[in-house]
Every structure is written in structure tokens, then in C-alpha cells.
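Coordinates as given in model.cif (mmCIF, C-alpha atoms and all ligand atoms):
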```
data_coords
loop_
_atom_site.label_atom_id
_atom_site.label_comp_id
_atom_site.auth_asym_id
_atom_site.auth_seq_id
_atom_site.Cartn_x
_atom_site.Cartn_y
_atom_site.Cartn_z
CA MET A 1 -32.53 3.37 -0.54
CA THR A 2 -31.28 2.86 -4.07
CA ARG A 3 -30.49 -0.74 -3.25
CA ALA A 4 -31.67 -2.60 -0.17
CA PRO A 5 -28.86 -2.94 2.38
CA GLU A 6 -27.54 -6.35 3.34
CA ILE A 7 -28.23 -7.07 7.00
CA VAL A 8 -26.04 -9.59 8.81
CA VAL A 9 -26.78 -10.50 12.41
CA CYS A 10 -24.10 -12.29 14.46
CA ALA A 11 -25.42 -13.22 17.88
CA GLY A 12 -22.13 -13.33 19.72
CA ARG A 13 -19.44 -10.69 20.13
CA ASP A 14 -16.70 -12.95 18.83
CA SER A 15 -18.62 -13.96 15.71
CA PHE A 16 -19.51 -10.30 15.13
CA TYR A 17 -15.89 -9.15 15.13
CA GLU A 18 -14.72 -12.21 13.21
CA ARG A 19 -17.25 -11.40 10.51
CA ALA A 20 -16.23 -7.73 10.53
CA ALA A 21 -12.58 -8.68 10.13
CA GLN A 22 -13.37 -11.07 7.27
CA ARG A 23 -15.35 -8.32 5.53
CA PHE A 24 -12.44 -5.92 5.88
CA VAL A 25 -9.93 -8.47 4.55
CA GLN A 26 -12.20 -9.39 1.62
CA ALA A 27 -12.76 -5.74 0.72
CA ALA A 28 -9.03 -5.05 0.86
CA ARG A 29 -8.25 -7.97 -1.43
CA THR A 30 -11.05 -7.12 -3.88
CA ALA A 31 -10.08 -3.47 -4.12
CA THR A 32 -6.38 -4.20 -4.50
CA ALA A 33 -7.07 -6.70 -7.27
CA ALA A 34 -9.42 -4.30 -9.05
CA ARG A 35 -7.79 -0.93 -8.44
CA GLY A 36 -4.33 -1.62 -7.10
CA ARG A 37 -5.14 -0.01 -3.74
CA PHE A 38 -7.54 -0.20 -0.80
CA ALA A 39 -8.73 3.20 0.42
CA VAL A 40 -10.65 2.76 3.66
CA ALA A 41 -12.22 5.38 5.95
CA LEU A 42 -12.26 4.18 9.55
CA SER A 43 -15.06 4.90 11.96
CA GLY A 44 -14.52 6.20 15.46
CA GLY A 45 -16.05 5.64 18.85
CA SER A 46 -15.57 2.43 20.82
CA THR A 47 -17.10 -0.21 18.55
CA PRO A 48 -14.18 -0.55 16.07
CA ARG A 49 -11.47 -1.15 18.73
CA PRO A 50 -11.82 -4.99 18.83
CA LEU A 51 -11.90 -5.06 15.02
CA PHE A 52 -8.67 -3.08 14.77
CA GLU A 53 -7.06 -5.32 17.40
CA ARG A 54 -8.20 -8.44 15.50
CA LEU A 55 -6.84 -7.15 12.19
CA ALA A 56 -3.49 -6.47 13.86
CA GLU A 57 -3.15 -10.07 15.08
CA PRO A 58 -0.40 -11.95 13.18
CA GLU A 59 -2.52 -14.52 11.37
CA LEU A 60 -4.89 -11.87 10.00
CA ARG A 61 -2.33 -9.14 9.54
CA GLU A 62 -0.78 -11.07 6.65
CA SER A 63 -4.20 -11.35 4.96
CA VAL A 64 -4.37 -7.64 4.18
CA PRO A 65 -2.08 -6.14 1.51
CA TRP A 66 -1.12 -3.28 3.83
CA GLU A 67 1.40 -1.97 1.29
CA THR A 68 -1.56 -0.87 -0.87
CA VAL A 69 -3.78 0.51 1.90
CA HIS A 70 -4.63 4.21 2.28
CA VAL A 71 -6.27 5.00 5.62
CA PHE A 72 -8.76 7.83 5.99
CA TRP A 73 -11.35 8.60 8.66
CA ALA A 74 -15.13 8.93 8.41
CA ASP A 75 -14.93 11.61 11.05
CA GLU A 76 -12.70 13.04 13.76
CA ARG A 77 -13.14 14.96 16.95
CA CYS A 78 -11.44 18.39 17.02
CA VAL A 79 -8.86 17.37 19.59
CA PRO A 80 -5.08 16.76 19.36
CA PRO A 81 -3.98 13.45 17.83
CA ASP A 82 -2.74 12.15 21.20
CA ASP A 83 -6.00 13.00 22.98
CA ASP A 84 -7.87 9.94 24.26
CA ARG A 85 -10.96 11.19 22.38
CA SER A 86 -9.10 11.14 19.05
CA ASN A 87 -10.35 8.58 16.52
CA TYR A 88 -6.88 8.70 14.96
CA ARG A 89 -5.23 7.78 18.27
CA LEU A 90 -7.52 4.75 18.65
CA ALA A 91 -6.59 3.47 15.18
CA ARG A 92 -2.90 4.31 15.54
CA GLU A 93 -2.50 2.45 18.83
CA THR A 94 -4.57 -0.63 17.95
CA LEU A 95 -3.90 -1.07 14.23
CA LEU A 96 -1.66 1.36 12.34
CA ASP A 97 1.40 1.09 14.57
CA PRO A 98 1.14 -2.72 14.98
CA VAL A 99 0.85 -3.35 11.21
CA GLY A 100 3.50 -0.74 10.45
CA ILE A 101 1.60 1.05 7.68
CA ASP A 102 3.59 3.63 5.74
CA PRO A 103 2.83 7.03 7.33
CA ARG A 104 2.55 8.51 3.82
CA ARG A 105 -0.63 6.45 3.39
CA ILE A 106 -2.19 7.56 6.68
CA HIS A 107 -4.47 10.50 5.87
CA ARG A 108 -5.28 11.93 9.28
CA ILE A 109 -7.91 14.63 9.78
CA ALA A 110 -6.18 17.56 11.53
CA GLY A 111 -8.51 17.71 14.52
CA GLU A 112 -6.05 19.95 16.33
CA ALA A 113 -6.31 22.71 13.69
CA PRO A 114 -7.47 26.06 15.09
CA ASP A 115 -10.04 26.43 12.29
CA PRO A 116 -12.09 23.23 11.74
CA GLU A 117 -13.67 24.58 8.55
CA GLN A 118 -10.21 25.11 7.02
CA ALA A 119 -9.14 21.66 8.22
CA ALA A 120 -12.25 20.17 6.61
CA ALA A 121 -11.47 21.87 3.29
CA ARG A 122 -7.87 20.68 3.47
CA TYR A 123 -9.02 17.12 4.14
CA GLU A 124 -11.38 17.24 1.19
CA ARG A 125 -8.46 18.32 -1.00
CA GLU A 126 -6.36 15.43 0.29
CA LEU A 127 -9.21 12.99 -0.35
CA ARG A 128 -9.61 14.26 -3.91
CA GLU A 129 -5.89 14.44 -4.66
CA THR A 130 -5.32 10.91 -3.36
CA LEU A 131 -8.34 9.18 -4.87
CA SER A 132 -9.78 11.15 -7.75
CA VAL A 133 -8.89 9.30 -10.90
CA ILE A 134 -9.82 12.26 -13.08
CA PRO A 135 -9.22 15.73 -11.60
CA GLY A 136 -12.54 17.13 -10.46
CA SER A 137 -14.26 13.75 -10.43
CA LEU A 138 -15.66 12.26 -7.22
CA PRO A 139 -13.11 10.35 -5.12
CA HIS A 140 -14.28 6.79 -4.50
CA LEU A 141 -13.29 5.26 -1.21
CA ASP A 142 -13.25 1.47 -1.38
CA MET A 143 -14.77 1.05 2.07
CA VAL A 144 -16.23 3.32 4.73
CA LEU A 145 -16.70 1.92 8.22
CA LEU A 146 -19.59 3.56 10.06
CA GLY A 147 -20.96 3.34 13.57
CA LEU A 148 -24.41 4.30 14.83
CA GLY A 149 -25.19 6.35 17.91
CA ASP A 150 -28.13 5.59 20.22
CA ASP A 151 -29.67 8.75 18.72
CA GLY A 152 -29.17 7.46 15.17
CA HIS A 153 -26.19 9.60 14.17
CA THR A 154 -23.48 8.14 12.01
CA ALA A 155 -19.99 9.51 11.50
CA SER A 156 -20.58 13.05 12.78
CA LEU A 157 -23.87 13.42 10.92
CA PHE A 158 -26.26 14.27 13.73
CA PRO A 159 -30.08 14.40 13.53
CA GLY A 160 -31.23 17.74 12.12
CA ALA A 161 -27.71 18.95 11.35
CA GLY A 162 -26.98 20.73 8.08
CA ALA A 163 -24.18 18.25 7.32
CA VAL A 164 -26.80 15.54 6.75
CA ARG A 165 -28.28 17.61 3.90
CA GLU A 166 -24.92 18.59 2.36
CA THR A 167 -24.90 17.87 -1.38
CA ASP A 168 -21.65 19.47 -2.61
CA ARG A 169 -18.86 19.41 -0.06
CA LEU A 170 -17.28 16.05 0.80
CA VAL A 171 -16.00 17.09 4.23
CA VAL A 172 -17.47 19.63 6.65
CA ALA A 173 -16.97 20.86 10.21
CA VAL A 174 -19.76 20.35 12.77
CA ARG A 175 -20.05 22.85 15.62
CA ALA A 176 -19.95 21.64 19.21
CA SER A 177 -23.08 23.77 19.72
CA GLU A 178 -25.00 21.62 17.19
CA PRO A 179 -28.27 20.94 19.11
CA SER A 180 -28.09 17.18 18.55
CA MET A 181 -24.34 16.85 19.28
CA GLN A 182 -23.49 13.76 21.28
CA PRO A 183 -20.58 13.19 23.69
CA PRO A 184 -17.78 14.01 23.42
CA VAL A 185 -19.19 17.50 22.93
CA VAL A 186 -16.42 18.94 20.79
CA GLU A 187 -16.32 20.28 17.27
CA ARG A 188 -16.13 17.53 14.68
CA ILE A 189 -14.97 17.12 11.10
CA THR A 190 -16.94 14.59 9.08
CA LEU A 191 -17.39 13.04 5.67
CA THR A 192 -20.70 14.11 4.18
CA PRO A 193 -23.26 11.90 2.42
CA PRO A 194 -21.79 12.65 -1.06
CA ALA A 195 -18.38 11.36 0.11
CA ILE A 196 -19.82 8.28 1.80
CA ASN A 197 -22.18 7.53 -1.09
CA ALA A 198 -19.30 7.57 -3.56
CA ALA A 199 -17.74 4.63 -1.70
CA TRP A 200 -17.90 1.12 -3.14
CA ASP A 201 -18.73 -0.44 0.23
CA ALA A 202 -20.31 1.15 3.31
CA LEU A 203 -20.16 -1.16 6.33
CA PHE A 204 -22.10 -0.27 9.48
CA LEU A 205 -20.79 -1.95 12.63
CA VAL A 206 -23.32 -1.80 15.45
CA THR A 207 -23.41 -3.67 18.74
CA GLY A 208 -25.37 -3.50 21.95
CA GLU A 209 -28.98 -3.33 23.08
CA ALA A 210 -28.83 0.44 23.53
CA LYS A 211 -28.61 0.78 19.74
CA ALA A 212 -31.59 -1.52 19.03
CA PRO A 213 -34.24 1.26 18.80
CA ALA A 214 -32.08 3.37 16.46
CA VAL A 215 -31.27 0.28 14.35
CA ALA A 216 -34.95 -0.65 14.03
CA ALA A 217 -36.03 2.91 13.23
CA THR A 218 -33.26 3.28 10.66
CA LEU A 219 -33.74 -0.07 8.96
CA GLU A 220 -37.49 -0.52 9.24
CA GLY A 221 -38.94 2.95 9.70
CA PRO A 222 -39.97 5.48 7.05
CA ARG A 223 -37.09 7.29 5.30
CA ALA A 224 -36.30 10.42 7.29
CA PRO A 225 -32.62 11.40 7.05
CA SER A 226 -33.01 14.50 9.19
CA LYS A 227 -34.18 12.29 12.04
CA TRP A 228 -32.19 9.16 11.14
CA PRO A 229 -29.01 10.38 9.39
CA ALA A 230 -27.96 6.86 8.34
CA HIS A 231 -30.81 7.13 5.80
CA ALA A 232 -28.55 9.57 3.96
CA VAL A 233 -26.12 6.67 3.35
CA ASP A 234 -27.52 5.56 0.01
CA PRO A 235 -24.69 4.88 -2.46
CA VAL A 236 -25.47 5.19 -6.14
CA GLU A 237 -23.32 2.21 -7.12
CA GLY A 238 -21.80 0.94 -3.89
CA SER A 239 -23.20 -1.52 -1.38
CA VAL A 240 -24.40 -0.98 2.17
CA THR A 241 -24.02 -3.69 4.76
CA TRP A 242 -25.27 -3.57 8.34
CA LEU A 243 -23.33 -5.93 10.58
CA LEU A 244 -25.20 -6.23 13.88
CA ASP A 245 -24.82 -8.30 16.99
CA GLY A 246 -27.90 -9.96 18.47
CA PRO A 247 -28.72 -7.22 21.00
CA ALA A 248 -28.42 -4.43 18.43
CA ALA A 249 -30.76 -6.37 16.11
CA SER A 250 -33.18 -7.32 18.87
CA GLU A 251 -35.91 -4.86 17.81
CA LEU A 252 -35.80 -5.77 14.13
CA VAL A 253 -38.77 -7.78 12.93
CA GLY A 254 -37.97 -11.26 11.65
CA PHE A 255 -34.20 -11.38 11.73
CA GLU A 256 -32.42 -14.48 12.90
CA GLU A 257 -28.74 -14.80 13.63
CA THR A 258 -26.82 -15.28 10.41
CA ALA A 259 -24.72 -18.41 10.47
CA PRO A 260 -21.05 -17.54 11.03
CA GLU A 261 -19.11 -17.44 7.75
CA THR A 262 -16.33 -20.04 7.53
CA ALA A 263 -13.01 -18.21 7.53
CA SER A 264 -12.07 -17.69 3.91
C1 LIG A 301 -17.43 9.20 16.56
C2 LIG A 301 -17.98 8.15 15.63
C3 LIG A 301 -19.44 7.99 15.84
C4 LIG A 301 -19.58 6.60 16.43
C5 LIG A 301 -20.94 6.40 17.06
C6 LIG A 301 -20.98 5.05 17.79
O1 LIG A 301 -16.49 9.90 16.20
O2 LIG A 301 -17.93 9.22 17.69
O3 LIG A 301 -17.63 8.23 14.37
O4 LIG A 301 -20.25 8.10 14.71
O5 LIG A 301 -19.37 5.65 15.38
O6 LIG A 301 -21.16 7.45 17.98
O7 LIG A 301 -20.02 5.12 18.83
P1 LIG A 301 -19.68 3.82 19.72
O8 LIG A 301 -19.00 2.86 18.80
O9 LIG A 301 -18.77 4.33 20.78
O10 LIG A 301 -21.00 3.28 20.25
#
```
Exercise: express the given structure as C-alpha cells:
Amino acid sequence: MTRAPEIVVCAGRDSFYERAAQRFVQAARTATAARGRFAVALSGGSTPRPLFERLAEPELRESVPWETVHVFWADERCVPPDDDRSNYRLARETLLDPVGIDPRRIHRIAGEAPDPEQAAARYERELRETLSVIPGSLPHLDMVLLGLGDDGHTASLFPGAGAVRETDRLVVAVRASEPSMQPPVVERITLTPPAINAAWDALFLVTGEAKAPAVAATLEGPRAPSKWPAHAVDPVEGSVTWLLDGPAASELVGFEETAPETAS
């Protein structure tokens, strides 16, 4: 790791999601003040749902300058946008529709495309065209939300997969036949480590005892990205924060619950 990650442990579910929401709001405000926009890549799976629902609640909704927000995804399953496995559908139903974000600033990965490799290349172009300050330079997301699988995958970077070792492309397709693919077993399209590591703020959101072994191996074990893909998340300039609930942190050595932040 270029810089040690910040690790925040919130024992309870409510304090975990409250802290996650505060982090999101703070990042949005900081980015908007500094760069006039907040470009965030959302994670998928089930963990982010309560965060999206919290952010959509009236008293928090006004805290985020949604008129400056560009929404991307860290990864997407190759399914139609109305499929219940779609990461886009989760975000649309719980956050994007409720806050009424301008559709022109929703940058959906075309999971329904017949050719995932072409869809990945198209998404990389959209990422670059939207965020690259100088043509050809790396696009810098302001925040990337990431989950962690029980097996240690993050986004759709699975143990042993070539995508974990990608050094040039920012977005790639992952075959359903990838040996370490996890459910749902469908083709995926994912940001690669270069895209994630260009972000100013990578925030892992991990809950549940089932994740505790992968969390401990990732945060306290020897660096081995092919086995623990989250080791590939190592931004040159950006920060990495692991927000954990008590059960997910339960196999870490010497971590106590972090006192809940007062709402800012
Ligand atoms: C996906 C996610 C994936 C997810 C982890 C954790 O598309 O499935 O991006 O990386 O974050 O698998 O999933 P849960 O939050 O459901 O435990």
C-alpha cells in the first residue's frame, strides 16, 4: 500500500450506515468545492442499499449538491437494466429516482449489450470523455464505493482473474466462466485497478461476520492481489478507507469500535 488505509469500525448497523452517509456527503461537498462536480462510482451487491436509501431521505438529500453529481458504477452485471441483478436498477430505485438526478449525469454501464468487451470499451470512453481534464490523461473519479466478497473480490475483480493485473485499460469485461466468479454467475463489466487507483477517495463498505476472514486477510495479511484483489486498490494520490461493522472487523487484531462521528 502506498499509504496505509484508514480503518473505521462501527459496531452497529445504524452507526455504520450513518457514517457511510456522512462520508458520502462530505466527499460530495469537498469535490464540488474543489472541482465543481462530484463524480462517484457506486458499488453493487446488497451492502449499499441502506446507504442509498439513507441518502435519499429528505434531511440528507438536501446535503448533497445533486446538481453537480455524475454517477458511474464500479461494476455491473451483464443483464438488462430492469433485471433484479442489475446494480443500476438497485441505485435507480433506491437513490437516483428519489433524488431526481439529471439522467444526463447518470453514466450507466450497458450490461444488456450483446458484446461485453465492446460495452466495456464504450464505458471507458464515456469515463474519459466525462472526467479527463486533458484529453488522454487519466480520468479521476472523486469517490469509488467498493464492496468485498467473502472470497475477497471487489467490484468484479475476482481472485486470479486477469482484470486484477490489468495495467492499461480502465474498464474490462469479465467472463462468466472465470474460475473464481461468484454469484450471480453472469458476465461482468468492471473498473480495473488503474481506474480505481486514479480516484481521490476509495471507500470500502463491508458488513457481516461472513466477510471477517476476507477482511482480516486483506488488511492484515501479506500483499497478494491475485489472491486478495482488494490489495490492487492502492491509489497513488487518493485515500482508501475501510468502513466496517463490528462483525466484519471481528477477526482484525486490536481494533475497537470507532466512536460514532457527530453529524456534521
Ligand atoms: C457486485 C459488486 C460486488 C459486491 C460484493 C459484495 O456487482 O456484486 O460490485 O463486488 O460489492 O460481492 O456484495 P454484497 O454487498 O452483496 O455482500
Give as a list in words the residues surrounding ligand LIG 301 (chain A) up to a distance of 6 Å, considering all atoms listed in the file.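 The neighbouring residues of ligand LIG 301 (chain A) are, in order, Ser43, Gly44, Gly45, Ser46, Thr47, Asp75, Glu76, Leu146, Gly147, Leu148, Gly149, Thr154, Ala155 and Ser156 of chain A.
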Shortest contact to Ala119 of chain A, candidates A:Ala20, A:Leu131, A:Leu95, A:Val171, atoms counted only C-alpha atoms, goes to A:Val171
Handout entry: Closest of A:Pro247, A:Gly100, A:Pro48, A:Pro194 to Val215 of chain A - atom-to-atom distances counting only C-alpha atoms
Key =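 Selected residue with least distance to Val215 of chain A: A:Pro247.
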*Which residue, A:Pro193, A:Pro183, A:Gly208, A:Pro65, has the smallest gap to Val236 of chain A when you use only C-alpha atoms?*
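Of all the options, A:Pro193 lies closest to Val236 of chain A.
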Counting only C-alpha atoms, closest pick from A:Ile189, A:Ala198, A:Ala91, A:Ile134 relative to Asp115 of chain A is A:Ile189
For segment 109-111 of chain A, please output as a list in words all residues within 9 Å (counting all atoms listed in the file; exclusion window: fewer than 4 positions along the same chain).
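Result of the neighbour search: Phe72, Trp73, Asp75, Glu76, Arg77, Cys78, Val79, Pro80, Pro81, Ser86, Tyr88, Pro116, Ala119, Ala120, Arg122, Tyr123, Glu187, Arg188 and Ile189 of chain A.
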#### Entry: Option closest in space to Glu117 of chain A, from A:Ala212, A:Val8, A:Ala74, A:Val172 [counting all atoms listed in the file]
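Counting all atoms listed in the file, the residue closest to Glu117 of chain A is A:Val172.
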Closest of A:Ala121, A:Val71, A:Leu203, A:Leu42 to Trp242 of chain A, counting all atoms listed in the file, is A:Leu203
Filled-in N, CA, C and O atoms of segment 84-98 of chain A, supplied as a short mmCIF file (atom, residue, chain, number, x, y, z; two decimals), in the coordinates of the input:
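Output contents, as saved in rebuild.cif:
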```cif
data_model
loop_
_atom_site.label_atom_id
_atom_site.label_comp_id
_atom_site.auth_asym_id
_atom_site.auth_seq_id
_atom_site.Cartn_x
_atom_site.Cartn_y
_atom_site.Cartn_z
N ASP A 84 -7.20 11.26 24.22
CA ASP A 84 -7.87 9.94 24.26
C ASP A 84 -9.24 9.97 23.59
O ASP A 84 -9.88 8.94 23.47
N ARG A 85 -9.69 11.14 23.13
CA ARG A 85 -10.96 11.19 22.38
C ARG A 85 -10.70 11.11 20.86
O ARG A 85 -11.64 11.09 20.07
N SER A 86 -9.44 11.09 20.49
CA SER A 86 -9.10 11.14 19.05
C SER A 86 -9.37 9.80 18.37
O SER A 86 -8.87 8.75 18.82
N ASN A 87 -10.12 9.81 17.29
CA ASN A 87 -10.35 8.58 16.52
C ASN A 87 -9.05 8.10 15.86
O ASN A 87 -8.83 6.90 15.70
N TYR A 88 -8.20 9.06 15.53
CA TYR A 88 -6.88 8.70 14.96
C TYR A 88 -6.07 7.94 15.99
O TYR A 88 -5.47 6.88 15.71
N ARG A 89 -6.04 8.45 17.24
CA ARG A 89 -5.23 7.78 18.27
C ARG A 89 -5.67 6.35 18.47
O ARG A 89 -4.84 5.43 18.56
N LEU A 90 -7.00 6.13 18.48
CA LEU A 90 -7.52 4.75 18.65
C LEU A 90 -6.95 3.85 17.55
O LEU A 90 -6.41 2.78 17.81
N ALA A 91 -7.05 4.30 16.31
CA ALA A 91 -6.59 3.47 15.18
C ALA A 91 -5.06 3.32 15.21
O ALA A 91 -4.54 2.23 14.93
N ARG A 92 -4.36 4.39 15.55
CA ARG A 92 -2.90 4.31 15.54
C ARG A 92 -2.42 3.27 16.54
O ARG A 92 -1.60 2.40 16.22
N GLU A 93 -2.97 3.34 17.75
CA GLU A 93 -2.50 2.45 18.83
C GLU A 93 -2.87 0.99 18.58
O GLU A 93 -2.10 0.08 18.87
N THR A 94 -4.07 0.75 18.04
CA THR A 94 -4.57 -0.63 17.95
C THR A 94 -4.29 -1.28 16.60
O THR A 94 -4.32 -2.50 16.49
N LEU A 95 -4.04 -0.48 15.56
CA LEU A 95 -3.90 -1.07 14.23
C LEU A 95 -2.72 -0.52 13.44
O LEU A 95 -1.85 -1.27 13.00
N LEU A 96 -2.64 0.79 13.28
CA LEU A 96 -1.66 1.36 12.34
C LEU A 96 -0.23 1.13 12.81
O LEU A 96 0.62 0.73 12.01
N ASP A 97 0.04 1.37 14.08
CA ASP A 97 1.40 1.09 14.57
C ASP A 97 1.71 -0.41 14.50
O ASP A 97 2.74 -0.81 13.95
N PRO A 98 0.83 -1.27 15.03
CA PRO A 98 1.14 -2.72 14.98
C PRO A 98 1.39 -3.26 13.57
O PRO A 98 2.26 -4.09 13.36
#
```
